[in-house]
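Shown below: upload20.pdb, with PDB, C-alpha atoms.
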ATOM      1  CA  SER O   1     120.564  61.111  90.455
ATOM      2  CA  LEU O   2     121.700  61.825  93.992
ATOM      3  CA  LEU O   3     118.805  59.834  95.409
ATOM      4  CA  ARG O   4     120.376  56.452  94.814
ATOM      5  CA  TRP O   5     120.504  53.663  97.362
ATOM      6  CA  ARG O   6     124.039  52.602  96.417
ATOM      7  CA  PRO O   7     126.657  55.321  96.997
ATOM      8  CA  ASN O   8     128.727  54.191  94.017
ATOM      9  CA  GLU O   9     125.800  55.005  91.690
ATOM     10  CA  ARG O  10     125.462  58.584  92.912
ATOM     11  CA  LEU O  11     126.931  61.594  91.057
ATOM     12  CA  SER O  12     130.187  63.005  92.342
ATOM     13  CA  ALA O  13     130.286  66.513  93.786
ATOM     14  CA  GLN O  14     131.888  67.846  90.594
ATOM     15  CA  GLU O  15     129.266  66.136  88.423
ATOM     16  CA  VAL O  16     126.546  67.751  90.551
ATOM     17  CA  LEU O  17     128.097  71.201  90.088
ATOM     18  CA  ASN O  18     128.263  70.667  86.313
ATOM     19  CA  HIS O  19     124.702  69.365  86.057
ATOM     20  CA  PRO O  20     122.563  71.270  83.476
ATOM     21  CA  TRP O  21     119.826  71.907  86.045
ATOM     22  CA  LEU O  22     122.217  73.831  88.286
ATOM     23  CA  SER O  23     123.638  75.743  85.322
ATOM     24  CA  LYS O  24     120.154  76.829  84.332
ATOM     25  CA  HIS O  25     119.261  77.889  87.872
ATOM     26  CA  ASP O  26     122.576  79.450  88.800
ATOM     27  CA  THR O  27     122.002  82.333  91.224
ATOM     28  CA  SER O  28     125.626  83.361  91.707
ATOM     29  CA  ASN O  29     125.257  86.014  89.009
ATOM     30  CA  PRO O  30     121.534  86.825  88.826
ATOM     31  CA  GLN O  31     120.278  88.766  85.840
ATOM     32  CA  PRO O  32     118.152  91.888  86.360
ATOM     33  CA  SER O  33     114.418  91.182  86.452
ATOM     34  CA  MET O  34     112.112  92.693  83.857
ATOM     35  CA  ALA O  35     110.954  95.210  86.465
ATOM     36  CA  SER O  36     114.549  96.187  87.229
ATOM     37  CA  GLN O  37     115.327  96.573  83.534
ATOM     38  CA  GLU O  38     112.332  98.845  82.988
ATOM     39  CA  VAL O  39     113.023 100.982  86.067
ATOM     40  CA  LEU O  40     116.738 101.410  85.339
ATOM     41  CA  ALA O  41     115.957 102.303  81.730
ATOM     42  CA  ASN O  42     113.508 104.907  83.065
ATOM     43  CA  LEU O  43     116.198 106.303  85.378
ATOM     44  CA  HIS O  44     118.549 106.812  82.438
ATOM     45  CA  ARG O  45     115.808 108.356  80.317
ATOM     46  CA  PHE O  46     114.632 110.624  83.138
ATOM     47  CA  SER O  47     118.121 112.077  83.482
ATOM     48  CA  LYS O  48     117.557 113.791  80.121
ATOM     49  CA  THR O  49     114.515 115.635  81.497
ATOM     50  CA  SER O  50     114.760 119.314  82.428
ATOM     51  CA  THR O  51     115.196 120.270  86.081
ATOM     52  CA  PHE O  52     111.766 121.890  86.153
ATOM     53  CA  LEU O  53     109.958 118.807  84.833
ATOM     54  CA  SER O  54     112.015 116.675  87.234
ATOM     55  CA  LEU O  55     110.674 118.752  90.118
ATOM     56  CA  CYS O  56     107.136 118.418  88.760
ATOM     57  CA  ALA O  57     107.512 114.646  88.481
ATOM     58  CA  ALA O  58     108.860 114.504  92.042
ATOM     59  CA  SER O  59     105.839 116.497  93.177
ATOM     60  CA  VAL O  60     103.580 113.917  91.517
ATOM     61  CA  ALA O  61     105.566 111.058  93.070
ATOM     62  CA  GLN O  62     105.063 112.543  96.547
ATOM     63  CA  GLN O  63     101.300 112.258  96.082
ATOM     64  CA  LEU O  64     101.304 108.581  95.152
ATOM     65  CA  SER O  65     100.164 105.928  97.583
ATOM     66  CA  ARG O  66     102.094 102.707  98.038
ATOM     67  CA  LYS O  67      99.465 100.867  96.049
ATOM     68  CA  GLY O  68     100.850  99.836  92.673
ATOM     69  CA  LEU O  69     104.410 100.802  93.604
ATOM     70  CA  LYS O  70     105.552  97.409  94.884
ATOM     71  CA  GLU O  71     107.837  96.736  91.908
ATOM     72  CA  LEU O  72     109.510 100.123  92.278
ATOM     73  CA  GLN O  73     109.987  99.586  95.995
ATOM     74  CA  THR O  74     111.557  96.185  95.310
ATOM     75  CA  VAL O  75     114.003  97.617  92.774
ATOM     76  CA  PHE O  76     114.901 100.463  95.149
ATOM     77  CA  GLN O  77     115.642  97.954  97.916
ATOM     78  CA  GLU O  78     117.757  95.865  95.523
ATOM     79  CA  LEU O  79     119.849  98.913  94.636
ATOM     80  CA  ASP O  80     120.064 100.131  98.241
ATOM     81  CA  THR O  81     122.652  97.535  99.257
ATOM     82  CA  ASN O  82     123.468  99.103 102.637
ATOM     83  CA  GLY O  83     119.786  99.563 103.512
ATOM     84  CA  ASP O  84     120.021 103.216 104.562
ATOM     85  CA  GLY O  85     117.031 104.305 102.465
ATOM     86  CA  MET O  86     119.201 106.394 100.124
ATOM     87  CA  LEU O  87     120.949 105.478  96.878
ATOM     88  CA  GLN O  88     124.610 106.385  96.652
ATOM     89  CA  LEU O  89     126.520 106.763  93.398
ATOM     90  CA  HIS O  90     128.293 103.409  93.740
ATOM     91  CA  GLU O  91     124.951 101.623  94.295
ATOM     92  CA  VAL O  92     123.374 103.114  91.180
ATOM     93  CA  ARG O  93     126.566 102.453  89.210
ATOM     94  CA  SER O  94     126.431  98.798  90.198
ATOM     95  CA  GLY O  95     122.810  98.531  89.060
ATOM     96  CA  PHE O  96     123.571 100.210  85.743
ATOM     97  CA  GLU O  97     126.555  97.916  85.161
ATOM     98  CA  LYS O  98     124.404  94.811  85.666
ATOM     99  CA  MET O  99     121.674  96.222  83.437
ATOM    100  CA  PHE O 100     123.564  97.896  80.595
ATOM    101  CA  GLY O 101     127.015  96.257  80.723
ATOM    102  CA  ALA O 102     130.491  97.363  81.790
ATOM    103  CA  GLY O 103     131.344  99.160  78.558
ATOM    104  CA  SER O 104     127.933 100.700  77.879
ATOM    105  CA  ALA O 105     127.214 104.358  77.136
ATOM    106  CA  PRO O 106     124.689 104.672  80.021
ATOM    107  CA  LEU O 107     127.331 103.459  82.472
ATOM    108  CA  ALA O 108     129.852 105.929  81.071
ATOM    109  CA  GLU O 109     127.310 108.697  81.799
ATOM    110  CA  ILE O 110     126.521 107.481  85.318
ATOM    111  CA  GLU O 111     127.923 110.473  87.205
ATOM    112  CA  GLU O 112     125.935 112.928  85.082
ATOM    113  CA  VAL O 113     122.827 110.730  85.344
ATOM    114  CA  PHE O 114     123.189 110.515  89.124
ATOM    115  CA  GLN O 115     123.580 114.275  89.438
ATOM    116  CA  ARG O 116     120.408 114.880  87.413
ATOM    117  CA  LEU O 117     118.415 112.329  89.423
ATOM    118  CA  ASP O 118     119.548 113.918  92.698
ATOM    119  CA  ILE O 119     116.986 116.709  92.359
ATOM    120  CA  ASP O 120     117.630 118.374  95.716
ATOM    121  CA  GLY O 121     121.418 118.186  95.396
ATOM    122  CA  SER O 122     121.845 116.202  98.623
ATOM    123  CA  GLY O 123     124.478 113.865  97.178
ATOM    124  CA  ALA O 124     122.137 110.863  97.295
ATOM    125  CA  ILE O 125     118.887 109.788  95.629
ATOM    126  CA  ASP O 126     116.010 109.478  98.069
ATOM    127  CA  TYR O 127     112.901 107.378  97.502
ATOM    128  CA  THR O 128     110.787 110.240  96.120
ATOM    129  CA  GLU O 129     113.474 111.177  93.601
ATOM    130  CA  PHE O 130     113.763 107.503  92.649
ATOM    131  CA  LEU O 131     109.993 107.233  92.157
ATOM    132  CA  ALA O 132     109.889 110.357  90.017
ATOM    133  CA  ALA O 133     112.483 108.859  87.687
ATOM    134  CA  GLY O 134     111.528 105.192  87.898
ATOM    135  CA  LEU O 135     107.827 105.639  87.140
ATOM    136  CA  GLY O 136     108.561 106.698  83.587
ATOM    137  CA  ASN O 137     105.420 107.381  81.565
ATOM    138  CA  ARG O 138     103.256 106.055  84.402
ATOM    139  CA  VAL O 139     103.567 109.503  85.994
ATOM    140  CA  ASN O 140     101.058 110.847  83.493
ATOM    141  CA  ASN O 141      98.580 108.027  84.136
ATOM    142  CA  GLU O 142      98.150 108.976  87.793
ATOM    143  CA  VAL O 143      95.408 111.572  87.379
ATOM    144  CA  ASP O 144      94.720 112.047  91.097
ATOM    145  CA  ALA O 145      98.422 112.485  91.825
ATOM    146  CA  LEU O 146      98.795 114.893  88.906
ATOM    147  CA  TRP O 147      95.933 116.994  90.248
ATOM    148  CA  ALA O 148      97.447 116.993  93.739
ATOM    149  CA  ALA O 149     100.812 118.052  92.302
ATOM    150  CA  PHE O 150      99.088 120.800  90.293
ATOM    151  CA  LYS O 151      97.419 122.061  93.459
ATOM    152  CA  ALA O 152     100.808 122.014  95.200
ATOM    153  CA  PHE O 153     101.877 124.725  92.735
ATOM    154  CA  ASP O 154      98.601 126.645  93.094
ATOM    155  CA  VAL O 155      99.806 128.022  96.421
ATOM    156  CA  GLN O 156      98.708 131.650  96.594
ATOM    157  CA  ASP O 157      94.971 131.807  95.946
ATOM    158  CA  SER O 158      94.000 128.217  95.049
ATOM    159  CA  ASP O 159      91.946 129.377  92.071
ATOM    160  CA  GLY O 160      92.686 126.471  89.744
ATOM    161  CA  ASN O 161      95.390 128.352  87.864
ATOM    162  CA  VAL O 162      99.145 128.323  88.381
ATOM    163  CA  THR O 163     100.791 131.667  87.809
ATOM    164  CA  GLN O 164     104.351 132.603  87.005
ATOM    165  CA  ALA O 165     104.822 133.892  90.559
ATOM    166  CA  GLU O 166     103.519 130.640  92.047
ATOM    167  CA  ILE O 167     105.828 128.505  89.895
ATOM    168  CA  ALA O 168     108.813 130.660  90.853
ATOM    169  CA  GLN O 169     107.900 130.446  94.545
ATOM    170  CA  VAL O 170     107.529 126.651  94.542
ATOM    171  CA  LEU O 171     110.736 126.181  92.561
ATOM    172  CA  TYR O 172     112.721 128.297  94.973
ATOM    173  CA  GLU O 173     111.249 126.734  98.111
ATOM    174  CA  ALA O 174     111.416 123.154  96.765
ATOM    175  CA  GLY O 175     115.186 123.191  96.589
ATOM    176  CA  ALA O 176     115.973 124.785  93.248
ATOM    177  CA  GLY O 177     116.992 127.842  95.246
ATOM    178  CA  GLN O 178     120.041 125.913  96.383
ATOM    179  CA  THR O 179     121.434 126.057  92.866
ATOM    180  CA  TRP O 180     119.388 128.821  91.226
ATOM    181  CA  SER O 181     118.911 132.406  92.355
ATOM    182  CA  ARG O 182     115.414 133.779  92.844
ATOM    183  CA  GLU O 183     115.901 135.709  89.604
ATOM    184  CA  LYS O 184     116.697 132.457  87.790
ATOM    185  CA  CYS O 185     113.541 130.844  89.189
ATOM    186  CA  ASP O 186     111.524 133.860  88.018
ATOM    187  CA  GLU O 187     113.053 133.594  84.544
ATOM    188  CA  LEU O 188     112.327 129.870  84.365
ATOM    189  CA  ALA O 189     108.728 130.340  85.538
ATOM    190  CA  LYS O 190     108.190 133.034  82.913
ATOM    191  CA  GLU O 191     109.408 130.793  80.091
ATOM    192  CA  VAL O 192     107.277 127.853  81.283
ATOM    193  CA  VAL O 193     104.115 129.970  81.307
ATOM    194  CA  GLU O 194     104.918 131.531  77.934
ATOM    195  CA  GLN O 195     105.462 128.104  76.396
ATOM    196  CA  PHE O 196     102.367 126.317  77.737
ATOM    197  CA  ASP O 197      99.822 129.101  78.319
ATOM    198  CA  ARG O 198      97.656 128.303  75.303
ATOM    199  CA  ASP O 199      94.815 130.722  76.104
ATOM    200  CA  GLY O 200      97.143 133.632  76.863
ATOM    201  CA  ASN O 201      95.737 134.482  80.300
ATOM    202  CA  GLY O 202      99.160 134.520  81.944
ATOM    203  CA  SER O 203      98.752 131.294  83.936
ATOM    204  CA  LEU O 204      98.408 127.525  83.490
ATOM    205  CA  ASP O 205      95.149 125.710  84.079
ATOM    206  CA  PHE O 206      95.069 121.950  84.706
ATOM    207  CA  ASP O 207      94.778 121.031  81.016
ATOM    208  CA  GLU O 208      97.791 123.177  80.204
ATOM    209  CA  TRP O 209      99.622 121.610  83.139
ATOM    210  CA  LEU O 210      98.922 118.142  81.727
ATOM    211  CA  LEU O 211     100.235 119.266  78.339
ATOM    212  CA  MET O 212     103.412 120.409  80.044
ATOM    213  CA  MET O 213     103.783 117.092  81.866
ATOM    214  CA  LYS O 214     103.494 115.289  78.540
ATOM    215  CA  ARG O 215     106.932 116.732  77.822
ATOM    216  CA  HIS O 216     108.141 114.446  80.614
ATOM    217  CA  GLU O 217     107.198 111.469  78.414
ATOM    218  CA  ASP O 218     109.148 112.618  75.390
ATOM    219  CA  PRO O 219     111.860 115.125  76.294
ATOM    220  CA  GLU O 220     113.484 116.832  73.335
ATOM    221  CA  PRO O 221     117.184 117.296  74.164
ATOM    222  CA  GLU O 222     117.905 119.766  71.371
ATOM    223  CA  GLU O 223     115.066 122.036  72.429
ATOM    224  CA  CYS O 224     116.148 121.662  76.037
ATOM    225  CA  HIS O 225     119.474 123.215  75.169
ATOM    226  CA  ARG O 226     117.818 126.123  73.375
ATOM    227  CA  ARG O 227     115.610 126.965  76.360
ATOM    228  CA  VAL O 228     116.359 127.608  79.987
ATOM    229  CA  SER O 229     113.320 125.718  81.206
ATOM    230  CA  LEU O 230     112.720 122.795  78.920
TER
END
Could you write out this file's structure as structure tokens?
Amino acid sequence: SLLRWRPNERLSAQEVLNHPWLSKHDTSNPQPSMASQEVLANLHRFSKTSTFLSLCAASVAQQLSRKGLKELQTVFQELDTNGDGMLQLHEVRSGFEKMFGAGSAPLAEIEEVFQRLDIDGSGAIDYTEFLAAGLGNRVNNEVDALWAAFKAFDVQDSDGNVTQAEIAQVLYEAGAGQTWSREKCDELAKEVVEQFDRDGNGSLDFDEWLLMMKRHEDPEPEECHRRVSL
């Protein structure tokens, strides 16, 4: 309608602003994309995961190549409004508010969620921590990355089995030692092995490791409270 030869036949500025086409394509208040919705939902869900499984998922995320992670990288950049490569609480809160709504339960839990996602306790969420949470169930579809993460725990003799001592060592050195004592890491490692060591040999093989990682897909909050580890 603007492309009229006679000026008096053209729409006024106000009529242009009220035109249905502009209303439909309004970008002043963009809605989260499907990718953003999925990733933010995964972040909220991941915050219910135990600290140990969070560390395992982060270990898997560190092994992933950039291939297939474009959507996650895009969402991270959208949340990282100051472009410093780290997500601050206010940035994640803003994303959750757009996704879930101002009066939503997930937004009310944002400080607890943020604390759980900040695995190393640095006060910000780095890209690896974001990947670990944002991947959701895709973590367990990355077989090569899962194997590499498994081997990252098999640190002492590289025999294809992860022992209680190895789990405790990796936990302590990976940052859990900042909040847990060495004794706490030992206790956690013992409970993990006791829970998932199906053949009773005192260690976890790769199949048992995969079974443990399945817990990442479907965390059970009530059981988490009954156990130290999970």
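Between atom CA of Asp126 of chain O and atom CA of Leu204 of chain O the separation is 29.1 Å.
Interatomic distance, atom CA of Asn82 of chain O against atom CA of Tyr127 of chain O: 14.4 Å.
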Polymer residues at most 8 Å from (121.6, 107.2, 97.3) by all atoms listed in the file, as a list in words: Asp80, Gly85, Met86, Leu87, Gln88, Leu89, Glu91, Val92, Gly123, Ala124, Ile125 and Asp126 of chain O
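Atom CA of Leu40 of chain O sits 25.3 Å away from atom CA of Leu211 of chain O.
The smallest atom-to-atom distance between His90 of chain O and any of O:Ile110, O:Ala105, O:Leu131, O:Val75, using only C-alpha atoms, is found for O:Ile110.
Between Asn201 of chain O and the candidates O:Gln77, O:Val162, O:Gly134, O:Ala61, the tightest atom-to-atom separation, counting only C-alpha atoms, involves O:Val162.
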Among the residues O:Gly121, O:Gly83, O:Gly136, O:Pro106, the one that comes closest to Asn42 of chain O [using only C-alpha atoms]: O:Gly136
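Taking only C-alpha atoms into account, Glu109 of chain O lies nearest to O:His44 out of the set O:Ala145, O:Phe52, O:Gln169, O:His44.
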